[in-house]
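Input: a single structure, listed below in structure tokens.
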Amino acid sequence: MNTEQTRKRLVIGNWKMHGLLAANASLLDGLHKGASAAPGCDLAVCVPFPYLDQARTGLQGSVVSWGAQDVSKHEQGAFTGEVSAAMLADFDCQWALVGHSERRTLHGETDQLVADKAIAALSAGLTPVVCVGETLAEQEAGQTEHIIARQLAPVLALGAQQVGRMVLAYEPVWAIGTGRTATPEQAQAVHAYIRSQLNGLGVPEVRVLYGGSVKASNAASLFAMPDIDGALVGGASLVVEEFLRIAAA
Ligand code: PEP
């Protein structure tokens, strides 16, 4: 079955550790006012934890949803500094990024931990956005598919019912924040591989986003690829006009 047409495009902004109340207010206001210019596209922002309430207030009544950039695998308890999925749900979050390469690299997150976080998010009614991607060295060694398969293995092992409720994001580490985007053909090749894994599991409807230096100038050519269902956008999501142009691409 070709479900390409039934997978609605999704563009998610990842603010990372940027923003303060005043700057966020104007960004959220711009999104609220401008988001309807991108019909046919689901639009969301993943903001730092302290600003979830601000995002909720600023985006309520708009077509833009919001989420967090990480979530604990634990339900509750003595886990200082962690934030549970139920807490995110308390702020009406729809999304939780899990396994972003900065978490994997800087915080030693393992493939299994990422899968555990995805399950925790699902249990609280959130949609996990599971990020995977290879480093430059791995790409140059021709290991891209092997790395993606390894990262996805504990996630896919959760089964079709769980994976069918997720979003995946392919983010080559060498393209994140570097200004160096994968070509549409390079990205499509990896997305097609991920799609084959999802088809094998019986969940062809799962959306697979591309991330890594997506801008208004390259979004349309990436979105033209049959297995790219949208984007996870870092830097460019901090500039409202740029972010909306990506969504409209
Ligand atoms: C990201 O943080 O997920 C990302 C893709 O960043 P950038 O768009 O800045 O490369």
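Identifiers for the structure tokens are assigned positionally: chains receive A, B, ... in sequence, residues are indexed from 1 per chain, and ligands are indexed from 1 in the order shown.
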What residues have any atom no more than 8 Å from ligand 1 when counting only C-alpha atoms and all ligand atoms, and can you list them as a list in words?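 The residues within 8 Å of ligand 1, counting only C-alpha atoms and all ligand atoms, are Gly13, Asn14, Trp15, Lys16, His100, Ser101, Glu102, Glu171, Ala175, Ile176, Gly177, Thr178, Gly179, Thr181, Tyr210, Gly211, Gly212, Ser213, Val214, Lys215, Leu232, Val233, Gly234, Gly235, Ala236 and Ser237 of chain A.
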Find the residues around A:Ala189 up to 12 Å (only C-alpha atoms counted), leave out those fewer than 2 positions away in its own chain, and share them as a compact mmCIF listing (two decimals) with N, CA, C and O atoms, in the first residue's frame.
# COMPACT_ATOMS: atom_id res chain seq x y z
N THR A 144 26.28 3.71 7.53
CA THR A 144 25.04 4.41 7.87
C THR A 144 23.89 3.44 8.20
O THR A 144 23.28 3.53 9.28
N GLU A 145 23.60 2.52 7.30
CA GLU A 145 22.45 1.62 7.54
C GLU A 145 22.66 0.76 8.77
O GLU A 145 21.72 0.50 9.53
N TYR A 170 15.26 11.12 11.08
CA TYR A 170 16.63 10.81 10.66
C TYR A 170 17.42 12.11 10.66
O TYR A 170 17.11 13.04 9.91
N ALA A 182 22.27 17.06 4.26
CA ALA A 182 22.32 15.92 3.34
C ALA A 182 21.62 16.35 2.05
O ALA A 182 20.66 17.12 2.11
N THR A 183 22.09 15.88 0.92
CA THR A 183 21.35 16.18 -0.31
C THR A 183 20.01 15.44 -0.21
O THR A 183 19.89 14.44 0.51
N PRO A 184 19.00 15.91 -0.95
CA PRO A 184 17.71 15.21 -0.91
C PRO A 184 17.87 13.72 -1.24
O PRO A 184 17.24 12.87 -0.64
N GLU A 185 18.77 13.42 -2.19
CA GLU A 185 18.95 12.01 -2.60
C GLU A 185 19.61 11.21 -1.48
O GLU A 185 19.24 10.07 -1.22
N GLN A 186 20.61 11.83 -0.83
CA GLN A 186 21.26 11.15 0.30
C GLN A 186 20.25 10.86 1.41
O GLN A 186 20.18 9.77 1.95
N ALA A 187 19.46 11.89 1.75
CA ALA A 187 18.48 11.73 2.81
C ALA A 187 17.43 10.69 2.41
O ALA A 187 17.08 9.81 3.21
N HIS A 191 16.03 7.41 4.33
CA HIS A 191 14.60 7.35 4.66
C HIS A 191 13.96 6.10 4.05
O HIS A 191 13.11 5.46 4.66
N ALA A 192 14.38 5.77 2.83
CA ALA A 192 13.82 4.57 2.19
C ALA A 192 14.20 3.33 2.99
O ALA A 192 13.40 2.39 3.13
N TYR A 193 15.41 3.34 3.51
CA TYR A 193 15.83 2.21 4.34
C TYR A 193 14.97 2.13 5.61
O TYR A 193 14.48 1.05 5.98
N ILE A 194 14.78 3.28 6.26
CA ILE A 194 13.95 3.30 7.47
C ILE A 194 12.52 2.87 7.12
O ILE A 194 11.89 2.10 7.84
N ARG A 195 12.05 3.37 5.99
CA ARG A 195 10.68 3.01 5.55
C ARG A 195 10.57 1.51 5.36
O ARG A 195 9.56 0.89 5.71
N SER A 196 11.61 0.89 4.82
CA SER A 196 11.54 -0.56 4.60
C SER A 196 11.43 -1.29 5.95
O SER A 196 10.73 -2.30 6.06
N TYR A 210 13.16 14.49 8.42
CA TYR A 210 14.59 14.70 8.21
C TYR A 210 15.02 15.89 9.06
O TYR A 210 14.28 16.88 9.17
N LEU A 222 13.90 18.75 -0.14
CA LEU A 222 13.86 17.59 0.77
C LEU A 222 12.45 17.02 0.84
O LEU A 222 12.25 15.80 0.75
N MET A 225 10.95 14.49 -1.70
CA MET A 225 11.35 13.07 -1.68
C MET A 225 10.20 12.21 -1.11
O MET A 225 9.56 12.62 -0.13
N PRO A 226 9.98 11.05 -1.69
CA PRO A 226 8.78 10.29 -1.33
C PRO A 226 8.73 9.80 0.12
O PRO A 226 7.65 9.60 0.66
N ASP A 227 9.89 9.60 0.73
CA ASP A 227 9.87 9.05 2.10
C ASP A 227 10.24 10.08 3.16
O ASP A 227 10.48 9.71 4.31
N ILE A 228 10.30 11.35 2.78
CA ILE A 228 10.57 12.40 3.77
C ILE A 228 9.24 13.09 4.09
O ILE A 228 8.63 13.71 3.22
Can you tell me which residues surround A:Leu156 at a distance of at most 10 Å, considering only C-alpha atoms, apart from same-chain residues fewer than 6 positions away, and format the answer as a list of chain:residue names?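 Those residues are A:Ala115, A:Ala149, A:Gln162, A:Val163, A:Gly164, A:Gln197, A:Leu198, A:Leu201.
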Nearest to A:Ala224 by atom-to-atom distance, counting only C-alpha atoms, from A:Ala249, A:Cys93, A:Leu20, A:Val173: A:Ala249
Go through A:Leu238, A:Ala68, A:Leu113, A:Ile246 and flag the residue nearest A:Ala220, using only C-alpha atoms for the distances.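 For A:Ala220, the nearest of the candidates is A:Ile246.
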Closest to A:Pro204 among A:Glu242, A:Arg7, A:Ala231, A:Met87, using only C-alpha atoms?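 Closest candidate: A:Arg7.
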Filtered DSSP result for stretch 121-150 of chain A, state strand (DSSP E), as a PyMOL selection string: chain A and resi 127-132
Nearest-residue call for A:Leu168, choices A:Val132, A:Val11, A:Ala35, A:Ala247, using only C-alpha atoms: A:Val132
For A:Val98, which of A:Leu43, A:Gln151, A:Phe79, A:Leu59 is the closest residue, counting only C-alpha atoms?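 Nearest to A:Val98: A:Gln151.
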Compile the contact shell of A:Ala124 as a PyMOL selection string: residues with an atom at most 7 Å away, counting only C-alpha atoms, same-chain residues fewer than 2 positions apart removed. chain A and resi 85-86+89+120-122+126
Which one of A:Gly108, A:Gly230, A:Gly202, A:Gly58 sits closest to A:Asn24 if you count only C-alpha atoms? A:Gly58
